[in-house]
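A.B. asks: Input structure: work.pdb, which contains PDB, C-alpha atoms and all ligand atoms.
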```
ATOM      1  CA  MET A 162      29.015  39.576  -9.766
ATOM      2  CA  GLU A 163      27.547  39.303  -6.270
ATOM      3  CA  TYR A 164      24.588  37.270  -5.027
ATOM      4  CA  ILE A 165      22.861  37.766  -1.676
ATOM      5  CA  GLY A 166      21.658  34.708   0.248
ATOM      6  CA  VAL A 167      19.350  34.955   3.255
ATOM      7  CA  ASP A 168      18.709  32.081   5.651
ATOM      8  CA  LEU A 169      15.642  32.763   7.742
ATOM      9  CA  GLY A 170      15.977  30.560  10.824
ATOM     10  CA  GLY A 171      13.707  30.173  13.814
ATOM     11  CA  SER A 172      15.952  32.234  16.072
ATOM     12  CA  HIS A 173      18.306  34.043  13.712
ATOM     13  CA  VAL A 174      18.774  35.529  10.275
ATOM     14  CA  CYS A 175      21.977  34.859   8.347
ATOM     15  CA  VAL A 176      22.780  37.006   5.316
ATOM     16  CA  LEU A 177      25.807  36.396   3.155
ATOM     17  CA  VAL A 178      27.116  37.574  -0.177
ATOM     18  CA  ILE A 179      28.791  35.139  -2.564
ATOM     19  CA  ASN A 180      30.554  35.614  -5.879
ATOM     20  CA  SER A 181      30.041  33.600  -9.070
ATOM     21  CA  GLU A 182      32.307  30.819  -7.737
ATOM     22  CA  GLY A 183      30.274  30.473  -4.547
ATOM     23  CA  ILE A 184      32.991  32.050  -2.389
ATOM     24  CA  ILE A 185      31.572  33.907   0.624
ATOM     25  CA  LEU A 186      32.606  37.560   0.389
ATOM     26  CA  ARG A 187      30.745  39.025   3.370
ATOM     27  CA  ARG A 188      28.336  37.739   5.982
ATOM     28  CA  ILE A 189      26.339  38.680   9.042
ATOM     29  CA  THR A 190      24.126  36.821  11.492
ATOM     30  CA  SER A 191      21.523  38.555  13.610
ATOM     31  CA  SER A 192      19.240  37.139  16.280
ATOM     32  CA  LEU A 193      15.536  37.299  15.582
ATOM     33  CA  GLU A 194      13.818  38.891  18.575
ATOM     34  CA  ASN A 195      10.266  38.729  17.216
ATOM     35  CA  ARG A 196       8.693  36.605  14.530
ATOM     36  CA  ASP A 197       5.890  38.891  13.373
ATOM     37  CA  VAL A 198       6.069  39.812   9.697
ATOM     38  CA  SER A 199       7.302  43.391  10.053
ATOM     39  CA  SER A 200      10.021  42.468  12.590
ATOM     40  CA  VAL A 201      11.295  39.662  10.365
ATOM     41  CA  ILE A 202      11.335  41.882   7.276
ATOM     42  CA  ASP A 203      13.100  44.671   9.206
ATOM     43  CA  THR A 204      15.728  42.233  10.494
ATOM     44  CA  ILE A 205      16.440  40.911   6.990
ATOM     45  CA  VAL A 206      16.593  44.451   5.582
ATOM     46  CA  ASN A 207      18.944  45.661   8.331
ATOM     47  CA  CYS A 208      21.223  42.652   7.805
ATOM     48  CA  CYS A 209      21.351  43.316   4.054
ATOM     49  CA  ILE A 210      22.192  46.967   4.592
ATOM     50  CA  THR A 211      24.887  46.094   7.162
ATOM     51  CA  VAL A 212      26.465  43.395   4.991
ATOM     52  CA  GLY A 213      26.531  45.857   2.106
ATOM     53  CA  ILE A 214      24.718  45.765  -1.233
ATOM     54  CA  ASP A 215      26.941  46.790  -4.119
ATOM     55  CA  THR A 216      24.282  47.850  -6.635
ATOM     56  CA  SER A 217      26.790  47.788  -9.508
ATOM     57  CA  LYS A 218      27.463  44.068  -8.917
ATOM     58  CA  CYS A 219      24.375  42.708  -7.109
ATOM     59  CA  GLN A 220      22.442  40.180  -9.204
ATOM     60  CA  GLY A 221      19.624  39.718  -6.728
ATOM     61  CA  LEU A 222      18.640  38.051  -3.486
ATOM     62  CA  GLY A 223      17.608  34.511  -2.568
ATOM     63  CA  ILE A 224      15.836  33.475   0.637
ATOM     64  CA  ALA A 225      15.763  30.103   2.393
ATOM     65  CA  VAL A 226      12.504  29.839   4.317
ATOM     66  CA  PRO A 227      11.737  27.354   7.126
ATOM     67  CA  GLY A 228       8.389  26.253   5.746
ATOM     68  CA  ASN A 229       6.230  26.032   2.678
ATOM     69  CA  VAL A 230       6.603  28.683  -0.037
ATOM     70  CA  ASP A 231       5.169  29.564  -3.419
ATOM     71  CA  PRO A 232       8.280  30.578  -5.363
ATOM     72  CA  ILE A 233       6.267  31.739  -8.366
ATOM     73  CA  LYS A 234       4.196  34.238  -6.358
ATOM     74  CA  GLY A 235       7.066  35.029  -4.001
ATOM     75  CA  THR A 236       5.020  34.222  -0.926
ATOM     76  CA  THR A 237       5.351  32.060   2.150
ATOM     77  CA  ARG A 238       2.327  29.775   2.380
ATOM     78  CA  TYR A 239       2.670  28.144   5.784
ATOM     79  CA  LEU A 240       5.274  28.852   8.494
ATOM     80  CA  PRO A 241       3.752  27.367  11.664
ATOM     81  CA  ASN A 242       6.899  28.033  13.720
ATOM     82  CA  PHE A 243       6.486  31.748  13.000
ATOM     83  CA  GLY A 244       2.724  31.755  13.426
ATOM     84  CA  TRP A 245       2.402  32.675   9.738
ATOM     85  CA  LEU A 246      -0.483  30.428   8.796
ATOM     86  CA  SER A 247      -1.633  32.317   5.724
ATOM     87  CA  GLU A 248       0.169  33.716   2.713
ATOM     88  CA  VAL A 249       2.789  36.438   3.302
ATOM     89  CA  PRO A 250       4.091  38.355   0.233
ATOM     90  CA  ILE A 251       7.684  38.308   1.442
ATOM     91  CA  LYS A 252       9.179  39.027  -1.991
ATOM     92  CA  ASN A 253       7.152  42.221  -2.501
ATOM     93  CA  LEU A 254       7.810  43.387   1.052
ATOM     94  CA  LEU A 255      11.570  43.029   0.530
ATOM     95  CA  THR A 256      11.491  44.618  -2.932
ATOM     96  CA  ASP A 257       9.687  47.637  -1.443
ATOM     97  CA  LYS A 258      12.311  48.109   1.266
ATOM     98  CA  LEU A 259      15.495  47.112  -0.568
ATOM     99  CA  GLY A 260      14.665  48.061  -4.150
ATOM    100  CA  ILE A 261      15.837  44.627  -5.360
ATOM    101  CA  MET A 262      13.539  43.193  -8.029
ATOM    102  CA  ASN A 263      15.245  39.857  -8.628
ATOM    103  CA  ILE A 264      14.238  37.850  -5.536
ATOM    104  CA  HIS A 265      13.848  34.056  -5.418
ATOM    105  CA  MET A 266      12.923  31.714  -2.591
ATOM    106  CA  ARG A 267      12.694  28.078  -1.621
ATOM    107  CA  ASN A 268      12.235  26.007   1.483
ATOM    108  CA  ASP A 269      15.454  25.942   3.552
ATOM    109  CA  GLY A 270      16.000  22.190   3.146
ATOM    110  CA  ARG A 271      15.887  22.617  -0.616
ATOM    111  CA  CYS A 272      18.337  25.515  -0.492
ATOM    112  CA  ALA A 273      20.743  23.435   1.609
ATOM    113  CA  ALA A 274      20.469  20.634  -0.945
ATOM    114  CA  ILE A 275      21.240  23.022  -3.803
ATOM    115  CA  ALA A 276      24.341  24.260  -1.966
ATOM    116  CA  GLU A 277      25.524  20.729  -1.223
ATOM    117  CA  SER A 278      24.938  19.652  -4.819
ATOM    118  CA  VAL A 279      26.916  22.569  -6.265
ATOM    119  CA  LEU A 280      29.678  22.981  -3.687
ATOM    120  CA  GLY A 281      29.477  20.195  -1.111
ATOM    121  CA  ALA A 282      28.821  16.488  -0.628
ATOM    122  CA  GLY A 283      26.848  16.123  -3.871
ATOM    123  CA  LYS A 284      29.294  18.001  -6.086
ATOM    124  CA  ASN A 285      29.913  15.113  -8.490
ATOM    125  CA  SER A 286      26.535  13.443  -8.095
ATOM    126  CA  GLN A 287      24.071  12.893 -10.951
ATOM    127  CA  VAL A 288      21.154  11.793  -8.778
ATOM    128  CA  PHE A 289      21.510  13.508  -5.421
ATOM    129  CA  ALA A 290      19.174  13.206  -2.465
ATOM    130  CA  MET A 291      19.600  15.222   0.682
ATOM    131  CA  LEU A 292      18.057  14.667   4.052
ATOM    132  CA  THR A 293      18.137  17.113   6.949
ATOM    133  CA  LEU A 294      17.953  15.124  10.166
ATOM    134  CA  GLY A 295      17.001  17.543  12.901
ATOM    135  CA  THR A 296      13.922  17.908  15.059
ATOM    136  CA  GLY A 297      12.062  16.876  11.911
ATOM    137  CA  ILE A 298      13.302  15.604   8.554
ATOM    138  CA  GLY A 299      13.639  17.867   5.521
ATOM    139  CA  GLY A 300      14.627  16.700   2.101
ATOM    140  CA  ALA A 301      15.183  17.463  -1.540
ATOM    141  CA  LEU A 302      16.087  15.699  -4.736
ATOM    142  CA  ILE A 303      18.412  17.078  -7.408
ATOM    143  CA  ILE A 304      18.794  15.213 -10.684
ATOM    144  CA  ASN A 305      21.456  16.238 -13.203
ATOM    145  CA  GLY A 306      21.884  19.550 -11.404
ATOM    146  CA  ARG A 307      18.214  20.420 -11.308
ATOM    147  CA  LEU A 308      16.066  20.637  -8.202
ATOM    148  CA  ILE A 309      12.949  18.495  -8.580
ATOM    149  CA  ASP A 310      10.084  20.718  -7.445
ATOM    150  CA  GLY A 311       7.037  18.647  -8.309
ATOM    151  CA  CYS A 312       3.801  20.185  -9.558
ATOM    152  CA  SER A 313       3.198  22.139  -6.345
ATOM    153  CA  PHE A 314       6.755  22.582  -5.006
ATOM    154  CA  ASP A 315       6.397  19.669  -2.631
ATOM    155  CA  ALA A 316       8.578  16.946  -4.170
ATOM    156  CA  GLY A 317      11.319  15.449  -2.027
ATOM    157  CA  ASP A 318       9.697  16.162   1.311
ATOM    158  CA  PHE A 319      10.956  12.767   2.410
ATOM    159  CA  GLY A 320      10.181  13.282   6.087
ATOM    160  CA  HIS A 321       6.507  12.779   5.390
ATOM    161  CA  HIS A 322       6.534   9.549   3.454
ATOM    162  CA  VAL A 323       4.899   6.881   5.563
ATOM    163  CA  ILE A 324       7.054   4.004   6.804
ATOM    164  CA  ALA A 325       4.963   2.897   9.836
ATOM    165  CA  THR A 326       6.871  -0.327  10.317
ATOM    166  CA  ARG A 327       5.374  -0.660  13.784
ATOM    167  CA  GLU A 328       3.249   1.390  16.184
ATOM    168  CA  PRO A 329       2.768   4.416  13.913
ATOM    169  CA  MET A 330       3.234   7.738  15.676
ATOM    170  CA  ALA A 331       1.270  10.924  15.016
ATOM    171  CA  CYS A 332       3.065  13.498  12.888
ATOM    172  CA  VAL A 333       2.801  17.304  12.933
ATOM    173  CA  CYS A 334       1.506  17.073   9.343
ATOM    174  CA  GLY A 335      -1.656  15.325  10.538
ATOM    175  CA  LYS A 336      -0.788  11.832   9.268
ATOM    176  CA  VAL A 337       0.572   8.904  11.259
ATOM    177  CA  GLY A 338       3.679   6.815  10.692
ATOM    178  CA  CYS A 339       5.680   9.423   8.778
ATOM    179  CA  PHE A 340       9.427   8.787   8.380
ATOM    180  CA  GLU A 341      10.007  11.989  10.389
ATOM    181  CA  THR A 342       8.172  10.683  13.450
ATOM    182  CA  HIS A 343      10.420   7.588  13.547
ATOM    183  CA  ALA A 344      13.834   8.678  12.293
ATOM    184  CA  SER A 345      14.347  12.337  13.295
ATOM    185  CA  ALA A 346      15.918  13.521  16.556
ATOM    186  CA  GLN A 347      12.406  13.726  17.956
ATOM    187  CA  GLY A 348      11.757  10.228  16.602
ATOM    188  CA  LEU A 349      14.700   8.889  18.610
ATOM    189  CA  VAL A 350      13.231  10.547  21.710
ATOM    190  CA  ARG A 351       9.858   8.904  21.010
ATOM    191  CA  HIS A 352      11.424   5.452  20.623
ATOM    192  CA  PHE A 353      13.356   5.921  23.862
ATOM    193  CA  ASN A 354      10.358   7.077  25.872
ATOM    194  CA  ARG A 355       8.112   4.365  24.439
ATOM    195  CA  LEU A 356      10.623   1.757  25.627
ATOM    196  CA  GLY A 357      10.448   3.124  29.169
ATOM    197  CA  GLY A 358      13.017   5.914  29.102
ATOM    198  CA  ASN A 359      12.430   9.531  29.972
ATOM    199  CA  ALA A 360      14.218  12.058  27.759
ATOM    200  CA  THR A 361      13.397  15.253  25.945
ATOM    201  CA  ASN A 362      16.286  15.477  23.508
ATOM    202  CA  ALA A 363      18.349  13.194  21.296
ATOM    203  CA  GLU A 364      21.717  14.371  22.657
ATOM    204  CA  ASP A 365      20.924  12.950  26.102
ATOM    205  CA  ILE A 366      19.956   9.618  24.550
ATOM    206  CA  LEU A 367      23.176   9.495  22.520
ATOM    207  CA  LYS A 368      25.154  10.080  25.726
ATOM    208  CA  LEU A 369      23.300   7.175  27.364
ATOM    209  CA  TYR A 370      23.876   5.042  24.269
ATOM    210  CA  ARG A 371      27.612   5.715  24.464
ATOM    211  CA  ALA A 372      27.466   4.732  28.142
ATOM    212  CA  ALA A 373      25.847   1.390  27.127
ATOM    213  CA  ASP A 374      22.419   2.121  28.653
ATOM    214  CA  SER A 375      20.177  -0.752  27.546
ATOM    215  CA  ILE A 376      17.052   1.318  26.807
ATOM    216  CA  ALA A 377      19.124   3.798  24.789
ATOM    217  CA  ILE A 378      20.727   0.938  22.836
ATOM    218  CA  ASN A 379      17.315  -0.580  22.012
ATOM    219  CA  ALA A 380      15.869   2.830  21.089
ATOM    220  CA  PHE A 381      18.852   3.609  18.864
ATOM    221  CA  ASP A 382      18.554   0.210  17.151
ATOM    222  CA  GLU A 383      14.868   0.908  16.392
ATOM    223  CA  PHE A 384      15.766   4.394  15.179
ATOM    224  CA  MET A 385      18.443   2.987  12.839
ATOM    225  CA  GLU A 386      16.047   0.348  11.550
ATOM    226  CA  ASP A 387      13.598   3.097  10.639
ATOM    227  CA  LEU A 388      16.293   5.379   9.214
ATOM    228  CA  SER A 389      17.561   2.607   6.946
ATOM    229  CA  THR A 390      13.993   1.802   5.848
ATOM    230  CA  GLY A 391      13.352   5.393   4.784
ATOM    231  CA  LEU A 392      16.702   5.667   2.999
ATOM    232  CA  ALA A 393      16.151   2.324   1.256
ATOM    233  CA  ASN A 394      12.821   3.650  -0.007
ATOM    234  CA  LEU A 395      14.628   6.663  -1.495
ATOM    235  CA  VAL A 396      17.125   4.324  -3.133
ATOM    236  CA  THR A 397      14.296   2.233  -4.564
ATOM    237  CA  PHE A 398      12.436   5.269  -5.893
ATOM    238  CA  TYR A 399      15.336   7.269  -7.322
ATOM    239  CA  ASN A 400      18.491   5.092  -7.418
ATOM    240  CA  PRO A 401      20.679   7.997  -6.207
ATOM    241  CA  ASP A 402      24.468   7.877  -6.332
ATOM    242  CA  VAL A 403      24.784  10.118  -3.254
ATOM    243  CA  ILE A 404      22.566  10.701  -0.244
ATOM    244  CA  ALA A 405      23.880  13.486   1.995
ATOM    245  CA  ILE A 406      22.679  13.812   5.563
ATOM    246  CA  GLY A 407      22.666  17.219   7.228
ATOM    247  CA  GLY A 408      21.103  18.616  10.391
ATOM    248  CA  GLY A 409      21.980  18.116  14.055
ATOM    249  CA  LEU A 410      21.906  14.306  14.070
ATOM    250  CA  SER A 411      24.244  14.100  11.070
ATOM    251  CA  ARG A 412      27.112  14.985  13.397
ATOM    252  CA  ALA A 413      26.668  11.772  15.436
ATOM    253  CA  PRO A 414      29.156   9.272  13.938
ATOM    254  CA  GLU A 415      27.055   6.346  15.214
ATOM    255  CA  ILE A 416      24.344   6.895  12.613
ATOM    256  CA  TYR A 417      26.672   5.962   9.736
ATOM    257  CA  LYS A 418      27.834   2.718  11.342
ATOM    258  CA  GLY A 419      26.319  -0.156   9.389
ATOM    259  CA  LEU A 420      23.856   2.190   7.678
ATOM    260  CA  GLN A 421      24.973   1.460   4.125
ATOM    261  CA  LEU A 422      24.697  -2.289   4.722
ATOM    262  CA  ALA A 423      21.278  -1.952   6.357
ATOM    263  CA  VAL A 424      20.055   0.103   3.385
ATOM    264  CA  ASP A 425      21.467  -2.425   0.906
ATOM    265  CA  LYS A 426      19.519  -5.222   2.586
ATOM    266  CA  LYS A 427      16.262  -3.408   1.820
ATOM    267  CA  THR A 428      16.957  -2.472  -1.792
ATOM    268  CA  LEU A 429      16.979  -4.339  -5.082
ATOM    269  CA  PRO A 430      20.203  -6.035  -6.192
ATOM    270  CA  ALA A 431      21.057  -3.558  -8.970
ATOM    271  CA  SER A 432      20.996  -0.645  -6.501
ATOM    272  CA  ARG A 433      23.086  -2.283  -3.794
ATOM    273  CA  GLY A 434      26.481  -0.764  -3.137
ATOM    274  CA  LYS A 435      25.816   2.074  -5.592
ATOM    275  CA  VAL A 436      24.801   4.846  -3.193
ATOM    276  CA  SER A 437      27.258   6.727  -0.990
ATOM    277  CA  ILE A 438      25.657   7.923   2.234
ATOM    278  CA  LEU A 439      27.676  10.900   3.432
ATOM    279  CA  GLY A 440      27.492  13.673   5.993
ATOM    280  CA  ALA A 441      26.707  17.078   4.463
ATOM    281  CA  SER A 442      29.821  19.231   4.230
ATOM    282  CA  LEU A 443      28.753  22.888   4.272
ATOM    283  CA  GLY A 444      27.376  23.052   7.814
ATOM    284  CA  ASN A 445      25.134  25.873   8.917
ATOM    285  CA  ASP A 446      25.918  28.058   5.900
ATOM    286  CA  ALA A 447      24.286  25.652   3.447
ATOM    287  CA  GLY A 448      20.845  27.303   3.575
ATOM    288  CA  ALA A 449      22.091  30.828   2.864
ATOM    289  CA  ILE A 450      24.568  29.680   0.200
ATOM    290  CA  GLY A 451      21.847  27.660  -1.527
ATOM    291  CA  ALA A 452      19.528  30.656  -1.390
ATOM    292  CA  ALA A 453      22.156  32.785  -3.138
ATOM    293  CA  LEU A 454      22.708  30.000  -5.682
ATOM    294  CA  LEU A 455      19.005  30.211  -6.628
ATOM    295  CA  LEU A 456      20.046  33.285  -8.597
ATOM    296  CA  GLN A 457      22.778  31.695 -10.673
ATOM    297  CA  THR A 458      21.553  28.198 -11.359
ATOM    298  CA  THR A 459      18.558  26.552 -12.928
ATOM    299  CA  HIS A 460      16.988  25.987  -9.504
ATOM    300  CA  ARG A 461      14.127  28.439  -9.724
TER
HETATM  301 ZN    ZN A 501       4.164  13.827   8.447
END
```
Hey, can you dump this file as structure tokens for me?
C.D. replies:
Amino acid sequence: MEYIGVDLGGSHVCVLVINSEGIILRRITSSLENRDVSSVIDTIVNCCITVGIDTSKCQGLGIAVPGNVDPIKGTTRYLPNFGWLSEVPIKNLLTDKLGIMNIHMRNDGRCAAIAESVLGAGKNSQVFAMLTLGTGIGGALIINGRLIDGCSFDAGDFGHHVIATREPMACVCGKVGCFETHASAQGLVRHFNRLGGNATNAEDILKLYRAADSIAINAFDEFMEDLSTGLANLVTFYNPDVIAIGGGLSRAPEIYKGLQLAVDKKTLPASRGKVSILGASLGNDAGAIGAALLLQTTHR
């Protein structure tokens, strides 16, 4: 059996084919020149054709989408980074061009979480939370192997729970004080600039932090305080045994230093010391693998 997984990124499309064990059989990555609907569909279709669809074995196609989707209707609801602000019937468009009827989709953070729970950092976890720490914060919750969708496919969007421990910052979602505005890569930049620094990306601040720059140290301390607050909230709500952290910031070893202890201090006694906070293990392939796994698990 073969399962096609598509990861639709902001600047590229990754298509891979996995077998029933989750082993990658074939893959291709293509840059995305334009983000209008027909260009995106054409790029996905061309990638699928190039990677090869074996109709005798293909069980269907899953897509990881960088935004809000309606998996029942097979539509994207809101992809601001693509300028897709209204519903796009992506499933029907792909079925028309590829002839594949069995198509499933989820937000990319959720797909990455599915992949990590089946094959990666959450493999042996019963209550698994995943956080993607990048420009923003994505998230998903998987309990006993099942993705928790919520009543409108919005559960586990941890980046937008309000922490607002001090000076709440405006979020892209329209609220203020969201976890994402304080504890994402962009959140670190905001802390740094608010304290008198001048940076546009988290990597530069981490370099300054490693060089013992005092503003960077203070900004990083505030960032870690906020990160541990958000994670402690997850622990209080769900009592997970594993929280995996993916995304660009997850590769900075500094974020794990003292994190478990800081989280423990903000949680109830019975939860303390029970959660393992780990880096995600599947890297950039997690979205596409999780998309393919939509076809062979209960996550749909
Ligand atoms: Zn928000």
A.B. asks: Please evaluate the PyMOL selection byres (((chain A and resi 227-232) around 12) and not hetatm) against the displayed coordinates and give the resulting residues as an MDAnalysis selection string.
C.D. replies: chainID A and resid 167:174 223:226 233:252 264:273 297:300 310 312:316 318 448:449 452 455 460:461
A.B. asks: Just checking: using only C-alpha atoms and all ligand atoms, which residue out of A:Gly419, A:Pro329, A:Gly357, A:Pro430 ends up closest to ligand ZN 501 (chain A)?
C.D. replies: A:Pro329
A.B. asks: Go through the shown structure with the PyMOL selection byres (((not hetatm)) within 10 of (chain A and resi 501)) and write out the matching residues as a list in words.
C.D. replies: Gly297, Ile298, Asp318, Phe319, Gly320, His321, His322, Val323, Met330, Ala331, Cys332, Val333, Cys334, Gly335, Lys336, Val337, Gly338, Cys339, Phe340, Glu341 and Thr342 of chain A
A.B. asks: Quick one: apply the PyMOL selection byres (((chain A and resi 359-367) around 8) and not hetatm) to the file and drop the selected residues here as JSON, numbers by chain.
C.D. replies: {"A": [346, 347, 349, 350, 353, 354, 357, 358, 368, 369, 370, 371, 377]}
A.B. asks: Of the candidates A:Ala447, A:Leu454, A:Ala413, A:Leu255, which shows the shortest atom-to-atom distance to A:Thr204, using all atoms listed in the file?
C.D. replies: A:Leu255
A.B. asks: Compile the contact shell of A:Glu277 as a count of residues only: residues with an atom at most 12 Å away, counting only C-alpha atoms, same-chain residues fewer than 6 positions apart removed.
C.D. replies: 37
A.B. asks: I'd like the contact shell of A:Asp215 - 10 Å cut-off, only C-alpha atoms, skipping same-chain residues fewer than 4 positions apart - returned as a PDB file with C-alpha atoms, in the coordinates of the input.
C.D. replies:
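File out_6.pdb, as written:
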```pdb
ATOM      1  CA  MET A 162      29.015  39.576  -9.766  1.00  0.00           C
ATOM      2  CA  GLU A 163      27.547  39.303  -6.270  1.00  0.00           C
ATOM      3  CA  TYR A 164      24.588  37.270  -5.027  1.00  0.00           C
ATOM      4  CA  ILE A 210      22.192  46.967   4.592  1.00  0.00           C
ATOM      5  CA  CYS A 219      24.375  42.708  -7.109  1.00  0.00           C
ATOM      6  CA  GLN A 220      22.442  40.180  -9.204  1.00  0.00           C
TER       7      GLN A 220
END
```
A.B. asks: May I ask which of the residues A:Ala282, A:Ala325, A:Leu410, A:Ile165 is the closest one to A:Val212, counting all atoms listed in the file?
C.D. replies: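 Comparing A:Ala282, A:Ala325, A:Leu410, A:Ile165 against A:Val212, the winner is A:Ile165.
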A.B. asks: Write out as a list in words each polymer residue whose atoms come within 9 Å of stretch 388-392 of chain A, counting all atoms listed in the file; drop sequence neighbours fewer than 5 positions from it.
C.D. replies: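 The residues satisfying every condition are Phe319, Gly320, His322, Val323, Ile324, Thr326, Phe340, His343, Ala344, Ser345, Glu383, Thr397, Ile404, Ile416, Leu420, Gln421, Leu422, Ala423, Val424, Asp425 and Lys427 of chain A.
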A.B. asks: Could the centre and edge lengths of an axis-aligned box, enclosing all atoms of stretch 362-376 of chain A in the file with 4 Å extra on each side, be given in Å to one decimal as lines of an AutoDock Vina configuration file?
C.D. replies:
```
center_x = 21.9
center_y = 7.4
center_z = 25.0
size_x = 19.3
size_y = 24.2
size_z = 15.4
```
A.B. asks: Rank nothing, just name the residue among A:Cys208, A:Lys418, A:Ile184, A:Gly348 nearest to A:Phe384, using only C-alpha atoms.
C.D. replies: A:Gly348
A.B. asks: State, in Å with one decimal place, the distance from atom CA of A:Ile202 to atom CA of A:Ser181.
C.D. replies: 26.2 Å
A.B. asks: With only C-alpha atoms as the atoms that count, which of A:Leu294, A:Ile378, A:Ile304, A:Ile438 lies nearest to A:Val279?
C.D. replies: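 Using only C-alpha atoms, the shortest distance to A:Val279 belongs to A:Ile304.
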A.B. asks: Could you check how far atom CA of A:Ala372 sits from atom CA of A:Glu386, in Å to one decimal?
C.D. replies: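 So the answer is 20.6 Å.
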A.B. asks: Which residues are near A:Asn400? Cut-off 10 Å, all atoms listed in the file, ignore same chain within fewer than 6 positions. Put them as a ChimeraX atom specification.
C.D. replies: /A:288-290,393-394,428-429,431-433,435-436
A.B. asks: Work out how far apart atom CA of A:Gln457 and atom CA of A:Ile179 are and give it in Å to one decimal.
C.D. replies: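 A separation of 10.7 Å between them.
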A.B. asks: For A:Gly260, list every protein, DNA or RNA residue within 12 Å, evaluated using all atoms listed in the file, and leave out those in the same chain fewer than 6 positions away; present the list as a list in words.
C.D. replies: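 Counting only the stated atoms, we get Val206, Cys209, Ile210, Ile214, Thr216, Cys219, Gly221, Leu222, Lys252, Asn253 and Leu254 of chain A.
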A.B. asks: Between A:Ile185, A:Asp402, A:Asn180, A:Ala373, which one has atoms that come closest to A:Ser278, using only C-alpha atoms?
C.D. replies: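 Using only C-alpha atoms, A:Ser278 sits closest to A:Asp402.
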